[in-house]
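Engineer: Structure: data-v9.txt, compact mmCIF, C-alpha atoms.
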# COMPACT_ATOMS: atom_id res chain seq x y z
CA MET A 1 24.01 -38.37 -29.69
CA ASN A 2 24.83 -35.49 -27.38
CA HIS A 3 23.74 -35.57 -23.78
CA LEU A 4 20.86 -33.37 -22.71
CA SER A 5 21.63 -29.76 -21.88
CA HIS A 6 20.87 -28.04 -18.58
CA ASP A 7 17.86 -26.36 -20.20
CA GLU A 8 16.50 -29.67 -21.43
CA PHE A 9 16.88 -31.19 -17.98
CA VAL A 10 14.89 -28.31 -16.52
CA LEU A 11 12.13 -28.68 -19.10
CA THR A 12 12.00 -32.40 -18.45
CA TYR A 13 11.87 -31.94 -14.69
CA TYR A 14 8.86 -29.64 -15.06
CA GLY A 15 7.19 -31.99 -17.52
CA GLU A 16 7.26 -29.54 -20.40
CA PRO A 17 6.34 -31.29 -23.66
CA SER A 18 8.91 -29.42 -25.77
CA LEU A 19 11.49 -32.23 -25.53
CA GLY A 20 11.49 -34.11 -28.85
CA ASP A 21 11.01 -37.87 -29.11
CA ASP A 22 14.63 -38.48 -30.06
CA ARG A 23 15.87 -36.57 -27.01
CA ARG A 24 13.45 -38.40 -24.78
CA ALA A 25 14.67 -41.71 -26.19
CA HIS A 26 18.24 -40.66 -25.46
CA LEU A 27 17.33 -39.80 -21.89
CA ASP A 28 15.74 -43.20 -21.39
CA ALA A 29 18.82 -44.95 -22.71
CA CYS A 30 21.61 -42.81 -21.20
CA ASP A 31 22.73 -43.51 -17.63
CA PHE A 32 24.66 -40.25 -17.44
CA CYS A 33 21.65 -38.14 -18.41
CA ARG A 34 19.34 -40.01 -16.07
CA GLY A 35 21.88 -39.46 -13.30
CA GLU A 36 22.02 -35.76 -14.11
CA LEU A 37 18.25 -35.48 -14.10
CA ALA A 38 18.13 -37.25 -10.74
CA ALA A 39 20.76 -34.85 -9.38
CA LEU A 40 18.72 -31.86 -10.53
CA ALA A 41 15.58 -33.36 -9.04
CA ALA A 42 17.43 -33.94 -5.76
CA VAL A 43 17.97 -30.20 -5.49
CA LEU A 44 14.66 -28.94 -6.81
CA ASP A 45 12.59 -31.40 -4.80
CA ARG A 46 14.03 -29.85 -1.68
CA VAL A 47 13.05 -26.35 -2.69
CA THR A 48 9.70 -26.35 -0.96
CA PRO A 49 7.44 -23.31 -0.73
CA LEU A 50 7.70 -21.02 2.22
CA ASP A 51 5.12 -21.63 4.89
CA VAL A 52 2.84 -18.68 4.41
CA PRO A 53 1.34 -17.61 7.72
CA GLU A 54 -2.43 -17.50 7.63
CA PRO A 55 -3.55 -13.87 7.94
CA PRO A 56 -5.94 -13.07 10.82
CA GLU A 57 -9.66 -13.61 10.36
CA ASP A 58 -10.36 -9.92 9.92
CA TYR A 59 -7.54 -9.49 7.42
CA GLU A 60 -9.79 -8.35 4.59
CA ALA A 61 -11.38 -5.69 6.80
CA ARG A 62 -7.95 -4.46 7.88
CA VAL A 63 -6.80 -4.21 4.30
CA TRP A 64 -9.86 -2.19 3.43
CA ASP A 65 -9.47 0.08 6.48
CA ARG A 66 -6.00 1.06 5.38
CA LEU A 67 -6.85 1.21 1.73
CA GLN A 68 -9.90 3.41 1.84
CA TRP A 69 -7.89 6.37 3.10
CA ARG A 70 -5.59 6.11 0.16
CA LEU A 71 -8.50 5.71 -2.22
CA ARG A 72 -10.03 8.91 -0.92
CA GLY A 73 -6.79 10.65 -1.80
CA GLU A 74 -6.90 9.00 -5.21
CA LYS A 75 -10.38 10.30 -5.87
CA LYS A 76 -9.23 13.80 -5.10
CA THR A 77 -6.34 13.57 -7.51
CA ARG A 78 -8.42 11.77 -10.12
CA ARG A 79 -10.98 14.54 -10.33
CA PRO A 80 -9.00 17.73 -10.82
CA VAL A 81 -11.91 19.51 -12.56
CA THR A 82 -14.20 18.81 -9.64
CA ALA A 83 -11.51 19.91 -7.26
CA TRP A 84 -11.03 23.17 -9.10
CA LEU A 85 -14.77 23.74 -9.12
CA ALA A 86 -14.80 23.21 -5.37
CA VAL A 87 -12.01 25.75 -4.94
CA ALA A 88 -13.86 28.20 -7.17
CA ALA A 89 -17.04 27.65 -5.17
CA THR A 90 -15.18 28.26 -1.91
CA ILE A 91 -13.75 31.49 -3.27
CA ALA A 92 -17.20 32.59 -4.43
CA VAL A 93 -18.70 31.79 -1.02
CA ALA A 94 -15.88 33.66 0.67
CA PHE A 95 -16.46 36.66 -1.57
CA PHE A 96 -20.19 36.78 -0.85
CA ALA A 97 -19.58 36.20 2.82
CA GLY A 98 -17.22 39.14 2.81
CA VAL A 99 -19.81 41.31 1.10
CA LEU A 100 -22.47 40.24 3.59
CA PHE A 101 -20.14 40.73 6.50
CA LYS A 102 -19.25 44.24 5.31
CA ALA A 103 -22.92 45.04 4.79
CA SER A 104 -23.81 43.80 8.26
CA ARG A 105 -21.08 45.92 9.81
CA GLN A 106 -22.38 48.97 7.99
CA GLN A 107 -25.85 48.09 9.18
CA GLY A 108 -24.49 47.64 12.70
CA SER A 109 -22.87 51.10 12.65
CA GLU A 110 -26.29 52.59 11.88
CA ALA A 111 -27.84 50.59 14.71
CA PRO A 112 -27.47 53.06 17.64
CA SER A 113 -30.35 55.16 16.39
CA VAL A 114 -32.44 52.00 16.09
CA VAL A 115 -31.25 50.59 19.42
CA ALA A 116 -32.29 53.81 21.02
CA THR A 117 -35.88 52.85 20.37
CA GLY A 118 -35.42 49.94 22.75
CA THR A 119 -37.52 47.47 20.74
CA ALA A 120 -35.37 47.02 17.68
CA LYS A 121 -32.22 45.95 19.53
CA PRO A 122 -32.79 42.16 19.44
CA GLN A 123 -33.82 42.43 15.83
CA SER A 124 -30.61 44.21 14.85
CA LEU A 125 -28.56 41.60 16.72
CA GLU A 126 -30.44 38.81 15.00
CA ALA A 127 -29.85 40.46 11.68
CA SER A 128 -26.11 40.67 12.25
CA LYS A 129 -25.69 37.11 13.52
CA PRO A 130 -25.89 35.14 10.27
CA SER A 131 -23.46 37.45 8.56
CA ALA A 132 -20.99 37.29 11.41
CA ALA A 133 -21.23 33.50 11.37
CA GLU A 134 -20.37 33.25 7.70
CA PRO A 135 -16.61 33.78 8.04
CA ASN A 136 -16.51 31.12 10.77
CA ARG A 137 -18.42 28.73 8.58
CA ILE A 138 -15.91 29.22 5.79
CA LEU A 139 -13.08 28.72 8.25
CA LEU A 140 -14.71 25.54 9.50
CA VAL A 141 -15.15 24.18 5.98
CA VAL A 142 -11.47 24.67 5.31
CA VAL A 143 -10.43 23.34 8.71
CA GLY A 144 -12.71 20.31 8.23
CA GLU A 145 -10.74 19.41 5.11
CA HIS A 146 -7.51 20.00 7.01
CA PHE A 147 -8.65 17.66 9.79
CA ASP A 148 -9.62 15.06 7.23
CA GLN A 149 -6.17 15.10 5.66
CA SER A 150 -4.44 15.13 9.04
CA GLU A 151 -6.48 12.18 10.22
CA ARG A 152 -5.51 10.25 7.13
CA VAL A 153 -1.82 10.94 7.71
CA LEU A 154 -2.04 9.87 11.34
CA VAL A 155 -4.01 6.71 10.58
CA GLU A 156 -1.47 5.71 7.96
CA LEU A 157 1.30 6.36 10.42
CA THR A 158 -0.23 4.33 13.23
CA ASN A 159 -0.89 1.46 10.82
CA LEU A 160 2.76 1.14 9.87
CA THR A 161 4.46 -1.99 11.11
CA PRO A 162 8.00 -1.51 12.41
CA ASP A 163 10.27 -3.43 10.09
CA GLY A 164 13.84 -2.47 10.87
CA SER A 165 13.72 0.67 8.80
CA THR A 166 10.45 2.19 7.61
CA ASP A 167 10.13 4.66 4.76
CA ILE A 168 7.89 7.51 5.92
CA SER A 169 8.97 10.05 3.31
CA GLY A 170 5.43 10.32 1.87
CA THR A 171 3.90 10.88 5.29
CA ARG A 172 6.61 13.37 6.14
CA GLU A 173 5.97 15.36 2.98
CA ARG A 174 2.26 15.63 3.70
CA ALA A 175 2.96 16.58 7.32
CA GLN A 176 5.17 19.41 6.06
CA GLU A 177 2.36 20.70 3.87
CA LEU A 178 -0.18 20.39 6.68
CA LEU A 179 2.07 22.07 9.23
CA ALA A 180 2.07 25.45 7.48
CA SER A 181 -1.71 25.56 7.14
CA ASN A 182 -2.17 24.22 10.67
CA ARG A 183 -0.46 27.29 12.11
CA LEU A 184 -2.57 29.61 10.01
CA TYR A 185 -5.83 27.90 10.93
CA ARG A 186 -4.94 27.80 14.62
CA THR A 187 -4.41 31.56 14.68
CA SER A 188 -7.63 32.16 12.74
CA ALA A 189 -9.67 29.80 14.90
CA ALA A 190 -8.37 31.38 18.11
CA SER A 191 -9.11 34.90 16.90
CA ARG A 192 -12.64 33.90 15.85
CA GLY A 193 -13.47 32.24 19.14
CA GLU A 194 -13.48 28.68 17.80
CA GLU A 195 -11.78 27.43 20.93
CA ASP A 196 -12.31 23.69 20.46
CA VAL A 197 -10.92 23.84 16.96
CA ALA A 198 -7.99 26.00 18.03
CA THR A 199 -7.19 23.63 20.92
CA LEU A 200 -7.14 20.60 18.65
CA LEU A 201 -5.00 22.40 16.08
CA ASP A 202 -2.68 23.29 18.92
CA GLU A 203 -2.38 19.64 19.93
CA LEU A 204 -1.90 18.56 16.33
CA GLU A 205 0.91 20.99 15.64
CA PRO A 206 3.75 19.36 17.63
CA VAL A 207 2.95 15.97 16.11
CA LEU A 208 3.00 17.40 12.60
CA LEU A 209 6.19 19.24 13.50
CA GLN A 210 7.83 16.04 14.69
CA LEU A 211 6.78 14.23 11.54
CA ALA A 212 7.82 17.08 9.26
CA HIS A 213 11.32 16.98 10.70
CA ALA A 214 11.62 13.21 10.93
CA PRO A 215 14.10 11.43 8.65
CA ALA A 216 12.73 9.84 5.47
CA GLU A 217 13.36 6.44 7.03
CA VAL A 218 12.91 5.76 10.68
CA GLY A 219 14.06 2.90 12.83
CA ASP A 220 11.66 0.77 14.84
CA GLU A 221 12.24 2.68 18.05
CA GLU A 222 11.62 6.08 16.46
CA LEU A 223 8.53 4.84 14.64
CA ARG A 224 7.07 3.37 17.81
CA ARG A 225 7.82 6.64 19.63
CA ILE A 226 5.91 8.68 17.05
CA GLN A 227 3.05 6.19 16.98
CA LYS A 228 2.87 6.20 20.76
CA ARG A 229 2.71 9.97 20.81
CA VAL A 230 -0.20 9.99 18.35
CA GLU A 231 -2.01 7.24 20.23
CA SER A 232 -1.42 8.66 23.71
CA LYS A 233 -2.97 11.96 22.73
CA GLY A 234 -5.94 10.19 21.17
CA LEU A 235 -5.51 12.52 18.24
CA VAL A 236 -7.19 10.35 15.64
CA PHE A 237 -10.29 10.02 17.79
CA LYS A 238 -10.35 13.72 18.59
CA LEU A 239 -9.98 14.58 14.93
CA ARG A 240 -12.93 12.37 14.06
CA VAL A 241 -15.09 13.91 16.78
CA VAL A 242 -14.20 17.48 15.96
CA ARG A 243 -14.44 16.87 12.24
CA ALA A 244 -17.93 15.46 12.71
CA GLY A 245 -18.83 18.56 14.71
CA VAL A 246 -17.35 20.81 12.05
CA SER A 247 -19.31 18.94 9.42
CA ARG A 248 -22.55 19.56 11.35
CA GLU A 249 -21.65 23.22 11.75
CA THR A 250 -21.04 23.71 8.09
CA THR A 251 -24.11 21.83 6.89
CA PRO A 252 -26.60 24.49 5.73
CA SER A 253 -29.57 22.92 7.50
CA SER A 254 -27.84 22.86 10.88
CA THR A 255 -28.18 25.55 13.45
CA PRO A 256 -25.03 27.66 13.65
CA SER A 257 -23.18 27.05 16.86
CA THR A 258 -19.62 27.33 17.96
CA SER A 259 -19.70 24.42 20.39
CA ILE A 260 -18.28 21.22 18.89
CA MET B 1 -23.10 -13.48 -5.86
CA GLU B 2 -21.92 -10.85 -8.30
CA THR B 3 -19.05 -11.75 -10.59
CA ASP B 4 -15.78 -9.82 -10.55
CA HIS B 5 -16.71 -8.23 -13.84
CA GLU B 6 -20.04 -7.02 -12.51
CA LEU B 7 -18.32 -5.52 -9.50
CA ILE B 8 -15.78 -3.82 -11.75
CA GLU B 9 -18.58 -2.24 -13.74
CA ARG B 10 -20.05 -0.89 -10.51
CA VAL B 11 -16.67 0.52 -9.45
CA ARG B 12 -16.33 2.20 -12.83
CA GLY B 13 -19.67 3.78 -12.15
CA GLY B 14 -18.29 5.28 -8.93
CA ASP B 15 -19.41 2.61 -6.45
CA ASP B 16 -16.59 2.16 -3.94
CA GLU B 17 -18.55 -0.45 -2.03
CA ALA B 18 -18.08 -2.73 -5.03
CA PHE B 19 -14.34 -2.20 -4.81
CA ARG B 20 -14.46 -3.15 -1.15
CA LEU B 21 -16.07 -6.44 -2.19
CA LEU B 22 -13.28 -7.05 -4.70
CA VAL B 23 -10.71 -6.36 -1.98
CA GLU B 24 -12.47 -8.76 0.37
CA ARG B 25 -12.62 -11.42 -2.29
CA HIS B 26 -8.99 -11.29 -3.42
CA SER B 27 -6.81 -9.80 -0.68
CA ARG B 28 -6.01 -13.10 1.03
CA ALA B 29 -4.84 -14.75 -2.19
CA ILE B 30 -2.81 -11.68 -3.09
CA TYR B 31 -1.21 -11.77 0.35
CA ARG B 32 -0.14 -15.39 -0.14
CA ALA B 33 1.30 -14.72 -3.57
CA ALA B 34 3.14 -11.65 -2.29
CA TYR B 35 4.48 -13.53 0.72
CA ARG B 36 5.91 -16.27 -1.48
CA ILE B 37 7.84 -13.68 -3.47
CA THR B 38 8.83 -11.20 -0.77
CA GLY B 39 9.29 -13.76 1.98
CA ASN B 40 7.95 -11.71 4.86
CA ASN B 41 4.74 -10.48 6.37
CA ALA B 42 5.34 -6.73 6.36
CA ASP B 43 6.36 -6.65 2.72
CA ALA B 44 3.44 -8.86 1.72
CA ASP B 45 1.07 -6.48 3.51
CA ASP B 46 2.56 -3.51 1.69
CA VAL B 47 2.26 -5.33 -1.61
CA VAL B 48 -1.42 -6.03 -0.96
CA GLN B 49 -2.06 -2.33 -0.32
CA GLU B 50 -0.10 -1.19 -3.32
CA THR B 51 -1.69 -3.81 -5.56
CA PHE B 52 -5.23 -2.69 -4.87
CA LEU B 53 -4.26 0.95 -5.15
CA ARG B 54 -2.71 0.34 -8.57
CA ALA B 55 -5.68 -1.78 -9.60
CA TYR B 56 -8.05 1.02 -8.61
CA ARG B 57 -6.07 3.50 -10.67
CA ALA B 58 -5.94 1.17 -13.67
CA LEU B 59 -9.46 -0.21 -13.49
CA GLU B 60 -10.62 1.97 -16.38
CA ARG B 61 -8.08 0.20 -18.56
CA PHE B 62 -8.97 -3.31 -17.41
CA ASP B 63 -9.90 -5.48 -20.39
CA ALA B 64 -13.22 -7.15 -19.65
CA ARG B 65 -12.16 -10.20 -21.68
CA ALA B 66 -9.40 -10.97 -19.16
CA ALA B 67 -9.81 -12.70 -15.81
CA PHE B 68 -9.64 -10.25 -12.94
CA THR B 69 -7.74 -12.80 -10.83
CA THR B 70 -4.95 -13.08 -13.39
CA TRP B 71 -4.86 -9.33 -13.86
CA ILE B 72 -4.65 -8.51 -10.15
CA HIS B 73 -2.05 -11.23 -9.56
CA ARG B 74 0.03 -9.72 -12.31
CA ILE B 75 -0.16 -6.34 -10.58
CA ALA B 76 0.74 -7.97 -7.26
CA ILE B 77 3.77 -9.64 -8.77
CA ASN B 78 4.92 -6.39 -10.34
CA CYS B 79 4.50 -4.65 -6.98
CA SER B 80 6.51 -7.41 -5.33
CA LEU B 81 9.26 -7.05 -7.92
CA ASP B 82 9.32 -3.28 -7.45
CA LEU B 83 9.59 -3.73 -3.72
CA ILE B 84 12.39 -6.27 -4.01
CA ASP B 85 14.28 -4.03 -6.44
CA SER B 86 13.94 -0.98 -4.26
CA ARG B 87 15.08 -2.94 -1.20
CA ARG B 88 18.09 -4.22 -3.10
CA ARG B 89 19.04 -0.75 -4.27
CA ARG B 90 18.72 0.52 -0.74
CA ASP B 91 20.28 -2.34 1.19
CA GLY B 92 22.58 -3.99 -1.35
CA ARG B 93 21.16 -7.20 0.03
CA VAL B 94 22.44 -9.46 -2.76
CA GLU B 95 25.99 -9.14 -1.65
CA ASP B 96 25.08 -9.10 2.01
CA GLY B 97 23.18 -12.37 1.98
CA GLU B 98 24.25 -15.21 4.18
CA ASP B 99 27.28 -17.08 3.05
CA LEU B 100 25.85 -20.39 1.94
CA ALA B 101 29.18 -22.11 1.99
CA ALA B 102 29.55 -21.11 5.61
CA ILE B 103 26.14 -22.51 6.43
CA ALA B 104 26.95 -25.75 4.70
CA SER B 105 30.36 -26.18 6.31
CA SER B 106 29.07 -25.36 9.78
CA THR B 107 27.06 -28.53 9.91
CA ALA B 108 28.47 -31.93 10.60
CA SER B 109 26.22 -34.15 8.54
CA PRO B 110 24.77 -33.35 5.12
CA ASP B 111 21.70 -35.43 5.94
CA ARG B 112 20.97 -33.36 8.97
CA VAL B 113 21.29 -30.24 6.89
CA VAL B 114 19.05 -31.45 4.13
CA HIS B 115 16.22 -32.28 6.46
CA GLY B 116 16.70 -29.49 8.90
CA LEU B 117 16.21 -25.82 9.32
CA GLU B 118 19.54 -25.10 7.71
CA MET B 119 18.18 -26.24 4.39
CA GLN B 120 15.21 -23.91 4.69
CA ARG B 121 17.53 -21.05 5.49
CA ALA B 122 19.74 -21.97 2.57
CA VAL B 123 16.79 -22.08 0.17
CA ALA B 124 15.54 -18.74 1.42
CA SER B 125 18.98 -17.23 1.05
CA ALA B 126 19.47 -18.72 -2.41
CA MET B 127 16.08 -17.41 -3.50
CA GLU B 128 17.06 -14.00 -2.23
CA ARG B 129 20.03 -13.99 -4.57
CA LEU B 130 17.86 -14.41 -7.63
CA SER B 131 16.83 -11.32 -9.54
CA GLY B 132 13.22 -10.22 -9.15
CA ASN B 133 12.19 -11.72 -12.50
CA GLU B 134 14.05 -14.96 -11.85
CA ARG B 135 12.50 -15.37 -8.45
CA THR B 136 9.02 -14.62 -9.70
CA ALA B 137 9.29 -16.92 -12.70
CA PHE B 138 10.65 -19.70 -10.51
CA VAL B 139 8.00 -19.26 -7.81
CA LEU B 140 5.21 -19.28 -10.38
CA ARG B 141 6.53 -22.38 -12.14
CA HIS B 142 7.89 -24.36 -9.24
CA PHE B 143 5.44 -23.55 -6.47
CA GLU B 144 2.33 -22.48 -8.31
CA GLY B 145 2.69 -24.83 -11.29
CA MET B 146 1.80 -22.02 -13.68
CA PRO B 147 2.29 -22.77 -17.40
CA LEU B 148 5.18 -21.00 -19.10
CA GLU B 149 2.86 -18.97 -21.35
CA GLU B 150 1.00 -17.63 -18.33
CA ILE B 151 4.25 -16.73 -16.60
CA GLY B 152 5.26 -14.87 -19.74
CA LYS B 153 2.03 -12.88 -19.57
CA VAL B 154 2.69 -11.99 -15.95
CA LEU B 155 6.25 -10.91 -16.61
CA GLY B 156 5.49 -9.41 -19.99
CA THR B 157 8.04 -11.60 -21.72
CA GLN B 158 8.04 -13.88 -24.76
CA LEU B 159 8.04 -17.65 -24.28
CA ASN B 160 11.76 -18.07 -24.97
CA ALA B 161 12.71 -15.26 -22.64
CA THR B 162 10.48 -16.78 -19.95
CA LYS B 163 12.16 -20.15 -20.36
CA ASN B 164 15.60 -18.56 -20.17
CA THR B 165 14.65 -16.76 -16.98
CA ILE B 166 13.62 -20.04 -15.39
CA PHE B 167 16.76 -21.80 -16.66
CA ARG B 168 18.92 -19.13 -15.08
CA ALA B 169 17.01 -19.30 -11.82
CA VAL B 170 17.35 -23.09 -11.63
CA LYS B 171 21.03 -22.91 -12.48
CA LYS B 172 21.72 -20.39 -9.74
CA LEU B 173 19.68 -22.29 -7.17
CA ARG B 174 21.39 -25.51 -8.05
CA GLU B 175 24.81 -23.94 -7.67
CA GLN B 176 23.86 -22.46 -4.34
CA LEU B 177 22.18 -25.53 -2.93
CA GLN B 178 24.44 -28.22 -4.30
CA PRO B 179 26.59 -28.33 -1.14
CA PHE B 180 23.50 -29.33 0.81
CA THR B 181 22.53 -32.24 -1.39
CA GLY B 182 25.93 -33.66 -2.20
CA SER B 183 24.96 -33.88 -5.85
CA MET B 184 27.03 -32.79 -8.79
CA VAL B 185 26.24 -29.62 -10.66
Would you mind giving the structure from this file in structure tokens?

Structural biologist:
Amino acid sequence: MNHLSHDEFVLTYYGEPSLGDDRRAHLDACDFCRGELAALAAVLDRVTPLDVPEPPEDYEARVWDRLQWRLRGEKKTRRPVTAWLAVAATIAVAFFAGVLFKASRQQGSEAPSVVATGTAKPQSLEASKPSAAEPNRILLVVVGEHFDQSERVLVELTNLTPDGSTDISGTRERAQELLASNRLYRTSAASRGEEDVATLLDELEPVLLQLAHAPAEVGDEELRRIQKRVESKGLVFKLRVVRAGVSRETTPSSTPSTSI
Amino acid sequence: METDHELIERVRGGDDEAFRLLVERHSRAIYRAAYRITGNNADADDVVQETFLRAYRALERFDARAAFTTWIHRIAINCSLDLIDSRRRRDGRVEDGEDLAAIASSTASPDRVVHGLEMQRAVASAMERLSGNERTAFVLRHFEGMPLEEIGKVLGTQLNATKNTIFRAVKKLREQLQPFTGSMV
């Protein structure tokens, strides 16, 4: 009878039952085959599993911290209809705000005759305030979303572990998209007197610029340099604080205010 | 405690907190499985992230008759394979691996090699030379003791193809490691 094949030795080593009785009987009786099986076992027995380092105690929480940002992005892409409705709603709000703003300006141009009475002046100012605040509120809604996305990019970046060469092409792409809008929002915020927002956008811009022009893969030193820059400016924290302020500003029940 | 399937139903209903519980429950095991295949901490971490992201995307298609653990492990293994493949394409690591013959010849006594760090390095290097499927099939059979049918489900291969993958993996490992054991191939 023929000796066992390599495949049969492997099956036997792993205790697979597919070896027939006649082959098993041959193995028991054949010195050569038993020697071969022992030689195979000598190799495979030495292939021991890698020692897997035990992750830190808070590993699960860390995984979730990183993951939830990406899941938020997923939700946005998973609900295109909702997203389009939100865009449509924003456009509608902007349209009505524009109408109100125009109306309030017209009202304001008629004001001198009313102001001349001396008693109606505060009333006319009060009347114009909500309308004037509307464009800022719209700006803040849009900027709030921009801050949210920027924060996510920065958190992802600071969570990266240097590993010789790190692929940051996805982060870079999003930074490029954010950079263009960042400039636009900064100009708008400055011209509308939203100084805190404009200042933060100003601080964010060079970091986005650096990321947007970074190579798709960065070495450890470059990655640490970018991370250090983000961390030293405390940008993630500032974004959270300002975003929370923006959120309060844009909540209908809150009192309009420009201080964040 | 809620079962995985109950949590999945909650996630399908839009409850992200339930997904957090699934992550908490399974991330450590996924990390270990990923580490055994990728061989390093950073890659294993990336695999864990990618696994849960893919699971979240595919949760609507999850078959409630299946075990979530098996399903998520299968995703993790696919993520690990993708990562290994992309690394290989980028680095050409197969050809650049350590020269095993050089490791073997640099040591005076085979016994010292077998029981020492050199052997571990040699095993790691030999494993690195396996294809993604070969490495995964071997790890699942040799380290995890997974039945061949289950490995086939993970890899999406028929039983015979699964066996052949393991045979190839063993053959390559044996050829690579034979100088360290002094046995005949």

Engineer: Using all atoms listed in the file, find the one residue out of A:Pro49, A:Gly144, A:Gly15, A:Gly35 that sits nearest to Ala244 of chain A.

Structural biologist: A:Gly144

Engineer: With 4 Å of padding per side, what axis-aligned box (centre and edge lengths, Å, one decimal) covers all the listed atoms of segment 66-74 of chain B? Give it as lines of an AutoDock Vina configuration file.

Structural biologist:
center_x = -4.9
center_y = -10.8
center_z = -14.4
size_x = 17.8
size_y = 12.6
size_z = 17.6

Engineer: Around (0.8, 8.9, 9.7) in the file's own coordinates, what residues are found within 10 Å if you use all atoms listed in the file, given back as a CSV table (one decimal) with C-alpha atoms, keeping the file's coordinate frame?

Structural biologist:
chain,number,residue,atom,x,y,z
A,150,SER,CA,-4.4,15.1,9.0
A,151,GLU,CA,-6.5,12.2,10.2
A,152,ARG,CA,-5.5,10.2,7.1
A,153,VAL,CA,-1.8,10.9,7.7
A,154,LEU,CA,-2.0,9.9,11.3
A,155,VAL,CA,-4.0,6.7,10.6
A,156,GLU,CA,-1.5,5.7,8.0
A,157,LEU,CA,1.3,6.4,10.4
A,158,THR,CA,-0.2,4.3,13.2
A,159,ASN,CA,-0.9,1.5,10.8
A,160,LEU,CA,2.8,1.1,9.9
A,168,ILE,CA,7.9,7.5,5.9
A,170,GLY,CA,5.4,10.3,1.9
A,171,THR,CA,3.9,10.9,5.3
A,172,ARG,CA,6.6,13.4,6.1
A,174,ARG,CA,2.3,15.6,3.7
A,175,ALA,CA,3.0,16.6,7.3
A,207,VAL,CA,3.0,16.0,16.1
A,208,LEU,CA,3.0,17.4,12.6
A,211,LEU,CA,6.8,14.2,11.5
A,226,ILE,CA,5.9,8.7,17.0
A,227,GLN,CA,3.0,6.2,17.0
A,230,VAL,CA,-0.2,10.0,18.4

Engineer: Up to 9 Å from chain A, what residues of chain B turn up? Count only C-alpha atoms and give them as a PyMOL selection string.

Structural biologist: chain B and resi 16+20+23-28+31-32+35-36+39-43+45+48-50+52-53+56-57+114-115+119-120+123-124+139+141-143+145+147-148+163-164+166-168+170-171+173-174+177-178+180-185

Engineer: Mind checking which residues fall within 9 Å of Thr69 of chain B, counting only C-alpha atoms, ignoring those fewer than 4 positions away in the same chain, and posting them as a list in words?

Structural biologist: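 Everything that qualifies: Asp4, His26, His73 and Arg74 of chain B.
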
Engineer: Atoms to include: C-alpha atoms. Write the selected residues as a PDB file, in the coordinates of the input.

Structural biologist:
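The new file part37.pdb reads:
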ATOM      1  CA  ASP B   4     -15.780  -9.820 -10.550  1.00  0.00           C
ATOM      2  CA  HIS B  26      -8.990 -11.290  -3.420  1.00  0.00           C
ATOM      3  CA  HIS B  73      -2.050 -11.230  -9.560  1.00  0.00           C
ATOM      4  CA  ARG B  74       0.030  -9.720 -12.310  1.00  0.00           C
TER       5      ARG B  74
END

Engineer: If you count all atoms listed in the file, which residues fall within 8 Å of Glu149 of chain B, apart from same-chain ones fewer than 3 positions away, as a ChimeraX atom specification?

Structural biologist: /B:152-153,159

Engineer: In Å to one decimal, how far is atom CA of Thr166 of chain A from atom CA of Pro215 of chain A?

Structural biologist: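 Between atom CA of Pro215 of chain A and atom CA of Thr166 of chain A the gap is 10.0 Å.
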
Engineer: So how many Å separate atom CA of Gln149 of chain A and atom CA of Gly193 of chain A, to one decimal?

Structural biologist: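 Computing it gives 23.0 Å between the two atoms.
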
Engineer: Would you mind reading off the distance between atom CA of Glu222 of chain A and atom CA of Glu173 of chain A, one decimal, in Å?

Structural biologist: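 That distance, rounded to one decimal, is 17.3 Å.
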
Engineer: What lies within 7 Å of Cys79 of chain B using all atoms listed in the file, ignoring chain neighbours under 4 positions off, as a list of chain:residue names?

Structural biologist: B:Val47, B:Glu50, B:Thr51, B:Ile75, B:Leu83

Engineer: Nearest residue to Arg65 of chain B out of B:His5, B:Arg10, B:Asn78, B:Ala161, using all atoms listed in the file?

Structural biologist: B:His5

Engineer: Within 9 Å of Asn136 of chain A, counting all atoms listed in the file, which residues show up once you throw out same-chain ones fewer than 6 positions away? Write them as a PyMOL selection string, please.

Structural biologist: chain A and resi 189+192-194+258
